[in-house]
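Enquirer: Contents of work.cif (mmCIF, C-alpha atoms):
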```
data_start
loop_
_atom_site.label_atom_id
_atom_site.label_comp_id
_atom_site.auth_asym_id
_atom_site.auth_seq_id
_atom_site.Cartn_x
_atom_site.Cartn_y
_atom_site.Cartn_z
CA GLN A 345 -0.11 -77.28 -27.21
CA ARG A 346 -2.11 -74.19 -26.51
CA GLU A 347 -4.00 -75.95 -23.76
CA ALA A 348 -0.77 -77.24 -22.25
CA ARG A 349 0.72 -73.73 -22.12
CA THR A 350 -2.39 -72.34 -20.41
CA GLN A 351 -2.24 -75.07 -17.77
CA ILE A 352 1.45 -74.39 -17.15
CA ALA A 353 0.81 -70.61 -16.87
CA GLN A 354 -2.00 -71.13 -14.40
CA HIS A 355 0.13 -73.47 -12.35
CA VAL A 356 3.11 -71.07 -12.25
CA ILE A 357 1.22 -67.77 -11.86
CA GLY A 358 -2.06 -68.72 -10.31
CA ASP A 359 -5.53 -67.37 -10.94
CA VAL A 360 -5.94 -63.68 -11.78
CA ASN A 361 -8.19 -61.75 -9.37
CA HIS A 362 -9.67 -58.26 -9.86
CA GLY A 363 -9.64 -55.78 -6.93
CA ASN A 364 -8.41 -52.41 -5.58
CA ILE A 365 -4.85 -51.85 -4.44
CA VAL A 366 -4.62 -49.52 -1.43
CA VAL A 367 -1.45 -47.43 -1.09
CA SER A 368 -0.89 -45.25 1.97
CA ALA A 369 1.96 -43.12 3.21
CA GLN A 370 2.65 -41.35 6.48
CA ALA A 371 4.73 -38.22 6.92
CA SER A 372 5.14 -35.47 9.46
CA GLY A 373 5.15 -31.80 8.54
CA SER A 374 3.16 -28.62 8.69
CA VAL A 375 0.50 -27.09 6.51
CA GLN A 376 1.22 -23.46 5.61
CA PRO A 377 -0.79 -20.89 3.67
CA ASP A 378 0.52 -20.05 0.21
CA THR A 379 -0.22 -16.33 0.67
CA THR A 380 0.51 -14.49 3.93
CA VAL A 381 0.21 -10.70 4.14
CA GLU A 382 1.49 -8.30 6.80
CA VAL A 383 -1.08 -5.54 7.34
CA LYS A 384 0.52 -2.11 7.88
CA THR A 385 -0.63 1.46 7.41
CA ARG A 386 0.82 4.75 6.17
CA ALA A 387 -0.82 6.54 9.11
CA SER A 388 0.71 7.01 12.56
CA GLY A 389 -1.16 7.46 15.80
CA GLU A 390 -3.12 5.80 18.58
CA LEU A 391 -5.09 2.68 17.72
CA LEU A 392 -8.71 3.48 18.60
CA GLU A 393 -10.65 0.39 17.47
CA ILE A 394 -9.98 -3.21 16.47
CA MET A 395 -12.86 -4.69 14.49
CA ALA A 396 -11.43 -8.15 13.71
CA GLU A 397 -9.97 -10.89 15.85
CA THR A 398 -7.48 -13.71 15.30
CA GLY A 399 -9.11 -16.61 13.47
CA GLN A 400 -11.78 -14.43 11.86
CA LEU A 401 -12.35 -14.65 8.10
CA VAL A 402 -12.59 -11.16 6.56
CA LYS A 403 -13.26 -10.08 3.00
CA ARG A 404 -10.94 -7.76 1.10
CA GLY A 405 -11.76 -4.10 1.85
CA THR A 406 -13.37 -4.81 5.23
CA LEU A 407 -12.54 -2.25 7.95
CA VAL A 408 -10.36 -4.08 10.49
CA LEU A 409 -8.69 -1.26 12.50
CA ARG A 410 -9.19 2.46 13.10
CA ILE A 411 -6.37 4.86 14.00
CA ASP A 412 -6.87 8.29 15.61
CA PRO A 413 -7.30 10.65 12.61
CA ARG A 414 -6.51 13.95 14.39
CA GLN A 415 -2.80 14.23 13.49
CA PRO A 416 -3.24 13.27 9.83
CA ARG A 417 -6.24 15.63 9.57
CA ASN A 418 -4.11 18.46 11.03
CA ALA A 419 -1.34 17.64 8.54
CA VAL A 420 -3.86 17.85 5.67
CA ASN A 421 -5.09 21.25 6.91
CA THR A 422 -1.52 22.56 7.31
CA SER A 423 -0.44 21.35 3.89
CA GLN A 424 -3.59 22.84 2.31
CA ALA A 425 -2.78 26.21 3.91
CA ASN A 426 0.80 25.93 2.60
CA LEU A 427 -0.58 25.20 -0.87
CA ASP A 428 -2.78 28.32 -0.70
CA VAL A 429 0.28 30.42 0.26
CA ALA A 430 2.36 28.86 -2.53
CA LYS A 431 -0.36 29.64 -5.09
CA ALA A 432 -0.50 33.28 -3.94
CA GLN A 433 3.30 33.54 -4.15
CA LEU A 434 3.17 32.03 -7.63
CA GLU A 435 0.70 34.70 -8.79
CA ILE A 436 2.94 37.46 -7.43
CA SER A 437 6.09 35.91 -8.93
CA LYS A 438 4.37 35.49 -12.29
CA ALA A 439 3.31 39.14 -12.34
CA GLN A 440 6.81 40.26 -11.38
CA TYR A 441 8.36 38.01 -14.03
CA GLU A 442 6.07 39.35 -16.78
CA ARG A 443 6.74 42.93 -15.65
CA SER A 444 10.51 42.22 -15.68
CA ARG A 445 10.28 40.82 -19.19
CA GLU A 446 8.67 44.07 -20.42
CA LEU A 447 11.19 46.18 -18.51
CA LEU A 448 14.07 44.22 -20.01
CA LYS A 449 12.73 44.89 -23.53
CA SER A 450 12.75 48.61 -22.80
CA GLN A 451 16.17 48.24 -21.13
CA THR A 452 14.88 49.66 -17.84
CA ILE A 453 16.35 46.73 -15.87
CA THR A 454 19.50 44.66 -16.28
CA GLN A 455 19.69 41.10 -17.57
CA GLN A 456 20.64 39.98 -14.07
CA GLU A 457 17.51 41.58 -12.54
CA TYR A 458 15.40 39.83 -15.18
CA GLU A 459 17.05 36.47 -14.46
CA THR A 460 16.41 36.94 -10.73
CA ALA A 461 12.69 37.44 -11.45
CA GLU A 462 12.70 34.42 -13.76
CA LEU A 463 14.34 32.25 -11.07
CA SER A 464 11.86 33.49 -8.47
CA TYR A 465 8.97 32.51 -10.76
CA ALA A 466 10.46 29.01 -11.34
CA ASN A 467 10.93 28.55 -7.58
CA ALA A 468 7.31 29.61 -6.96
CA ARG A 469 6.06 27.03 -9.50
CA ALA A 470 8.16 24.33 -7.79
CA ALA A 471 6.78 25.35 -4.39
CA VAL A 472 3.22 24.85 -5.66
CA VAL A 473 4.13 21.36 -6.92
CA ARG A 474 5.72 20.44 -3.56
CA ALA A 475 2.70 21.78 -1.66
CA ARG A 476 0.29 19.77 -3.86
CA ILE A 477 2.32 16.61 -3.22
CA ASP A 478 2.22 17.28 0.53
CA VAL A 479 -1.55 17.69 0.42
CA GLU A 480 -1.90 14.43 -1.52
CA ASN A 481 0.44 12.45 0.77
CA ASN A 482 -1.26 13.77 3.91
CA THR A 483 -4.69 12.99 2.46
CA ILE A 484 -3.54 9.42 1.83
CA SER A 485 -2.33 9.17 5.44
CA LEU A 486 -5.68 10.47 6.66
CA GLU A 487 -7.55 7.91 4.55
CA ASP A 488 -5.24 5.20 5.91
CA THR A 489 -6.44 5.79 9.46
CA ASP A 490 -9.23 3.39 8.43
CA VAL A 491 -7.23 0.19 7.90
CA ARG A 492 -8.91 -2.24 5.52
CA ALA A 493 -8.13 -5.88 4.79
CA PRO A 494 -5.82 -6.09 1.75
CA ILE A 495 -6.95 -9.63 0.86
CA THR A 496 -9.82 -11.99 1.62
CA GLY A 497 -8.43 -14.27 4.28
CA VAL A 498 -8.15 -15.31 7.91
CA ILE A 499 -6.43 -13.18 10.52
CA ILE A 500 -3.67 -15.47 11.76
CA GLN A 501 -1.93 -13.01 14.08
CA ARG A 502 -2.69 -9.67 15.68
CA GLY A 503 0.34 -7.60 16.67
CA VAL A 504 -1.33 -4.62 18.34
CA GLU A 505 -3.79 -3.73 21.08
CA ARG A 506 -6.28 -0.89 21.46
CA GLY A 507 -4.57 2.25 22.79
CA GLN A 508 -1.18 1.36 21.30
CA VAL A 509 0.58 4.02 19.21
CA VAL A 510 1.48 2.65 15.78
CA ALA A 511 4.15 3.88 13.39
CA SER A 512 3.67 4.61 9.71
CA ALA A 513 5.09 2.09 7.23
CA THR A 514 6.00 4.95 4.89
CA PHE A 515 7.61 7.48 7.23
CA ASN A 516 9.34 5.09 9.67
CA ALA A 517 12.86 3.77 9.04
CA GLY A 518 11.96 0.43 10.63
CA GLY A 519 9.13 -0.19 8.17
CA GLY A 520 6.30 0.66 10.54
CA THR A 521 4.20 -1.41 12.90
CA VAL A 522 2.84 -4.77 11.74
CA LEU A 523 -0.80 -4.46 12.78
CA MET A 524 -1.81 -8.02 11.92
CA LYS A 525 -1.02 -10.90 9.60
CA MET A 526 -3.59 -12.41 7.25
CA ALA A 527 -3.52 -15.60 5.20
CA ASP A 528 -5.50 -16.92 2.27
CA LEU A 529 -6.27 -20.46 3.48
CA ASN A 530 -7.77 -21.53 0.15
CA LEU A 531 -4.23 -22.28 -1.07
CA VAL A 532 -2.00 -24.18 1.34
CA GLN A 533 1.23 -26.17 1.10
#
```
Please express what this file holds, its structure, as structure tokens.

Expert:
Amino acid sequence: QREARTQIAQHVIGDVNHGNIVVSAQASGSVQPDTTVEVKTRASGELLEIMAETGQLVKRGTLVLRIDPRQPRNAVNTSQANLDVAKAQLEISKAQYERSRELLKSQTITQQEYETAELSYANARAAVVRARIDVENNTISLEDTDVRAPITGVIIQRGVERGQVVASATFNAGGGTVLMKMADLNLVQ
């Protein structure tokens, strides 16, 4: 019976062969990078140099563009001078406040005169803080005149030319000038 079943199975199914099955599919579409980055800067000014071209692979931190540093450098110098003035005013306000405190104890001045000196001292401290922030922000803008690649990738588009005036991404309502677009082509969809 076993032999009869085997003969029937071979007759109905046929011989079993070993081999590879090839499956293929065709589709249309586009390959896109997983990560695309718009390169902008916090500095404004004339574009002096372009060190990278479309299609070029650049490593993260590589200098790709240079913007004229004169205006940001002038802003740093101005804000530093304003900080020096604010510090001097703070010293004067502090001395006046301490003197007013002693005079109030001896009842030589009124409470209102003391409060005016106290307010002046608080305003002088706030002016120093604002001036320090201005120095820091302007220093950042000066450093950003050297535009470096934010990622390791290929430059897929350049949106500027040498001599063009670019707008800061921080201080421009429109979001600033897109200098170039980069893509990491190691991950694509």

Enquirer: Starting from the shown file, work through the PyMOL selection byres ((chain A and resi 417) around 10) and note down what comes out as a list in words.

Expert: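 Taken on the displayed file, the PyMOL selection byres ((chain A and resi 417) around 10) yields the residues Asp412, Pro413, Arg414, Gln415, Pro416, Asn418, Ala419, Val420, Asn421, Thr422, Ser423, Asn482, Thr483, Ser485, Leu486, Glu487 and Thr489 of chain A.
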
Enquirer: Report, in Å with one decimal, the straight-line distance from CA of Gly507 (chain A) to CA of Leu409 (chain A).

Expert: 11.6 Å

Enquirer: Show me, as CSV, the residues of region 391-471 of chain A having an atom within 12 Å of region 372-383 of chain A, each with the closest atom pair and its distance in Å, using only C-alpha atoms.

Expert:
```
residue,atom,partner,partner_atom,distance
A:Arg404,CA,A:Val383,CA,11.9
A:Leu407,CA,A:Val383,CA,11.9
A:Val408,CA,A:Val383,CA,9.9
A:Leu409,CA,A:Val383,CA,10.1
```

Enquirer: Rounded to one decimal, what separation in Å do you get between CA of Val473 (chain A) and CA of Gln455 (chain A)?

Expert: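 These atoms are spaced 27.3 Å apart.
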
Enquirer: So, with all atoms listed in the file as the atoms that count, which of A:Lys525, A:Lys384, A:Lys431, A:Lys438 lies closest to Glu397 (chain A)?

Expert: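 Checking each of A:Lys525, A:Lys384, A:Lys431, A:Lys438 against Glu397 (chain A), counting all atoms listed in the file, the winner is A:Lys525.
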
Enquirer: Report, in Å to a single decimal, how far apart CA of Ser388 (chain A) and CA of Asp428 (chain A) are.

Expert: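 For CA of Asp428 (chain A) relative to CA of Ser388 (chain A), the distance reads 25.3 Å.
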
Enquirer: Quick one: everything within 9 Å of Arg469 (chain A), counting all atoms listed in the file, minus sequence neighbours fewer than 3 positions away in the same chain. Send it as a VMD selection string.

Expert: chain A and resid 430 to 431 433 to 434 437 464 to 466 472 to 474

Enquirer: Export, as a compact mmCIF listing (two decimals), in the coordinates of the input, the selected residues with C-alpha atoms.

Expert:
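The file below, again.txt, is the result:
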```txt
# COMPACT_ATOMS: atom_id res chain seq x y z
CA ALA A 430 2.36 28.86 -2.53
CA LYS A 431 -0.36 29.64 -5.09
CA GLN A 433 3.30 33.54 -4.15
CA LEU A 434 3.17 32.03 -7.63
CA SER A 437 6.09 35.91 -8.93
CA SER A 464 11.86 33.49 -8.47
CA TYR A 465 8.97 32.51 -10.76
CA ALA A 466 10.46 29.01 -11.34
CA VAL A 472 3.22 24.85 -5.66
CA VAL A 473 4.13 21.36 -6.92
CA ARG A 474 5.72 20.44 -3.56
```

Enquirer: Go through A:Ile411, A:Ile365, A:Val532, A:Leu523 one by one, measure the shortest atom-to-atom distance of each to Ala493 (chain A) using only C-alpha atoms, and give the residue with the smallest value.

Expert: A:Leu523

Enquirer: Just say which residues the PyMOL selection byres ((chain A and resi 527) around 6) picks in this file, as an MDAnalysis selection string.

Expert: chainID A and resid 379:380 497:498 526 528:529

Enquirer: Pick the closest to Ala513 (chain A) from A:Ala371, A:Asp488, A:Thr398, A:Gly405: which is it, counting all atoms listed in the file?

Expert: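 Looking at the shortest contact to Ala513 (chain A), the residue is A:Asp488.
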
Enquirer: May I ask which of the residues A:Leu447, A:Ala461, A:Ile394, A:Val522 is the closest one to Gln501 (chain A), counting only C-alpha atoms?

Expert: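 Nearest candidate to Gln501 (chain A) out of A:Leu447, A:Ala461, A:Ile394, A:Val522: A:Val522.
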
Enquirer: Could you put an axis-aligned box around every listed atom of region 451-460 of chain A, padded by 6 Å on each side, and send me its centre and edge lengths in Å to one decimal, as lines of an AutoDock Vina configuration file?

Expert:
```
center_x = 17.8
center_y = 43.1
center_z = -15.9
size_x = 17.8
size_y = 25.2
size_z = 22.4
```

Enquirer: Rebuild region 364-390 of chain A to N, CA and C atoms - output it as a PDB file, in the coordinates of the input, please.

Expert:
```pdb
ATOM      1  N   ASN A 364      -9.077 -53.698  -5.787  1.00  0.00           N
ATOM      2  CA  ASN A 364      -8.410 -52.410  -5.580  1.00  0.00           C
ATOM      3  C   ASN A 364      -7.121 -52.605  -4.807  1.00  0.00           C
ATOM      4  N   ILE A 365      -6.112 -51.845  -5.170  1.00  0.00           N
ATOM      5  CA  ILE A 365      -4.850 -51.850  -4.440  1.00  0.00           C
ATOM      6  C   ILE A 365      -4.827 -50.567  -3.607  1.00  0.00           C
ATOM      7  N   VAL A 366      -4.641 -50.673  -2.331  1.00  0.00           N
ATOM      8  CA  VAL A 366      -4.620 -49.520  -1.430  1.00  0.00           C
ATOM      9  C   VAL A 366      -3.165 -49.186  -1.119  1.00  0.00           C
ATOM     10  N   VAL A 367      -2.792 -47.903  -1.384  1.00  0.00           N
ATOM     11  CA  VAL A 367      -1.450 -47.430  -1.090  1.00  0.00           C
ATOM     12  C   VAL A 367      -1.593 -46.296  -0.087  1.00  0.00           C
ATOM     13  N   SER A 368      -0.846 -46.332   0.987  1.00  0.00           N
ATOM     14  CA  SER A 368      -0.890 -45.250   1.970  1.00  0.00           C
ATOM     15  C   SER A 368       0.522 -44.864   2.344  1.00  0.00           C
ATOM     16  N   ALA A 369       0.659 -43.616   2.781  1.00  0.00           N
ATOM     17  CA  ALA A 369       1.960 -43.120   3.210  1.00  0.00           C
ATOM     18  C   ALA A 369       1.756 -42.236   4.425  1.00  0.00           C
ATOM     19  N   GLN A 370       2.713 -42.202   5.297  1.00  0.00           N
ATOM     20  CA  GLN A 370       2.650 -41.350   6.480  1.00  0.00           C
ATOM     21  C   GLN A 370       3.861 -40.433   6.464  1.00  0.00           C
ATOM     22  N   ALA A 371       3.635 -39.178   6.851  1.00  0.00           N
ATOM     23  CA  ALA A 371       4.730 -38.220   6.920  1.00  0.00           C
ATOM     24  C   ALA A 371       4.392 -37.183   7.969  1.00  0.00           C
ATOM     25  N   SER A 372       5.402 -36.555   8.525  1.00  0.00           N
ATOM     26  CA  SER A 372       5.140 -35.470   9.460  1.00  0.00           C
ATOM     27  C   SER A 372       5.538 -34.166   8.781  1.00  0.00           C
ATOM     28  N   GLY A 373       4.878 -33.091   9.152  1.00  0.00           N
ATOM     29  CA  GLY A 373       5.150 -31.800   8.540  1.00  0.00           C
ATOM     30  C   GLY A 373       4.146 -30.783   9.007  1.00  0.00           C
ATOM     31  N   SER A 374       4.118 -29.661   8.333  1.00  0.00           N
ATOM     32  CA  SER A 374       3.160 -28.620   8.690  1.00  0.00           C
ATOM     33  C   SER A 374       2.483 -28.096   7.433  1.00  0.00           C
ATOM     34  N   VAL A 375       1.255 -27.672   7.603  1.00  0.00           N
ATOM     35  CA  VAL A 375       0.500 -27.090   6.510  1.00  0.00           C
ATOM     36  C   VAL A 375       0.618 -25.569   6.649  1.00  0.00           C
ATOM     37  N   GLN A 376       1.031 -24.908   5.575  1.00  0.00           N
ATOM     38  CA  GLN A 376       1.220 -23.460   5.610  1.00  0.00           C
ATOM     39  C   GLN A 376       0.440 -22.814   4.475  1.00  0.00           C
ATOM     40  N   PRO A 377      -0.090 -21.603   4.734  1.00  0.00           N
ATOM     41  CA  PRO A 377      -0.790 -20.890   3.670  1.00  0.00           C
ATOM     42  C   PRO A 377       0.187 -20.474   2.578  1.00  0.00           C
ATOM     43  N   ASP A 378      -0.293 -20.468   1.343  1.00  0.00           N
ATOM     44  CA  ASP A 378       0.520 -20.050   0.210  1.00  0.00           C
ATOM     45  C   ASP A 378       0.729 -18.545   0.212  1.00  0.00           C
ATOM     46  N   THR A 379      -0.296 -17.798   0.652  1.00  0.00           N
ATOM     47  CA  THR A 379      -0.220 -16.330   0.670  1.00  0.00           C
ATOM     48  C   THR A 379      -0.432 -15.831   2.090  1.00  0.00           C
ATOM     49  N   THR A 380       0.592 -15.135   2.623  1.00  0.00           N
ATOM     50  CA  THR A 380       0.510 -14.490   3.930  1.00  0.00           C
ATOM     51  C   THR A 380       0.839 -13.017   3.729  1.00  0.00           C
ATOM     52  N   VAL A 381       0.037 -12.133   4.327  1.00  0.00           N
ATOM     53  CA  VAL A 381       0.210 -10.700   4.140  1.00  0.00           C
ATOM     54  C   VAL A 381       0.345 -10.016   5.499  1.00  0.00           C
ATOM     55  N   GLU A 382       1.363  -9.144   5.614  1.00  0.00           N
ATOM     56  CA  GLU A 382       1.490  -8.300   6.800  1.00  0.00           C
ATOM     57  C   GLU A 382       0.654  -7.041   6.558  1.00  0.00           C
ATOM     58  N   VAL A 383      -0.239  -6.728   7.473  1.00  0.00           N
ATOM     59  CA  VAL A 383      -1.080  -5.540   7.340  1.00  0.00           C
ATOM     60  C   VAL A 383      -0.401  -4.400   8.081  1.00  0.00           C
ATOM     61  N   LYS A 384      -0.087  -3.329   7.329  1.00  0.00           N
ATOM     62  CA  LYS A 384       0.520  -2.110   7.880  1.00  0.00           C
ATOM     63  C   LYS A 384      -0.290  -0.930   7.386  1.00  0.00           C
ATOM     64  N   THR A 385       0.058   0.260   7.852  1.00  0.00           N
ATOM     65  CA  THR A 385      -0.630   1.460   7.410  1.00  0.00           C
ATOM     66  C   THR A 385       0.374   2.591   7.194  1.00  0.00           C
ATOM     67  N   ARG A 386      -0.016   3.572   6.383  1.00  0.00           N
ATOM     68  CA  ARG A 386       0.820   4.750   6.170  1.00  0.00           C
ATOM     69  C   ARG A 386       0.526   5.820   7.208  1.00  0.00           C
ATOM     70  N   ALA A 387      -0.458   5.573   8.075  1.00  0.00           N
ATOM     71  CA  ALA A 387      -0.820   6.540   9.110  1.00  0.00           C
ATOM     72  C   ALA A 387      -0.107   6.190  10.413  1.00  0.00           C
ATOM     73  N   SER A 388       0.157   7.201  11.218  1.00  0.00           N
ATOM     74  CA  SER A 388       0.710   7.010  12.560  1.00  0.00           C
ATOM     75  C   SER A 388      -0.294   7.531  13.557  1.00  0.00           C
ATOM     76  N   GLY A 389      -0.284   6.952  14.749  1.00  0.00           N
ATOM     77  CA  GLY A 389      -1.160   7.460  15.800  1.00  0.00           C
ATOM     78  C   GLY A 389      -1.658   6.346  16.705  1.00  0.00           C
ATOM     79  N   GLU A 390      -2.568   6.733  17.603  1.00  0.00           N
ATOM     80  CA  GLU A 390      -3.120   5.800  18.580  1.00  0.00           C
ATOM     81  C   GLU A 390      -4.180   4.919  17.928  1.00  0.00           C
TER      82      GLU A 390
END
```
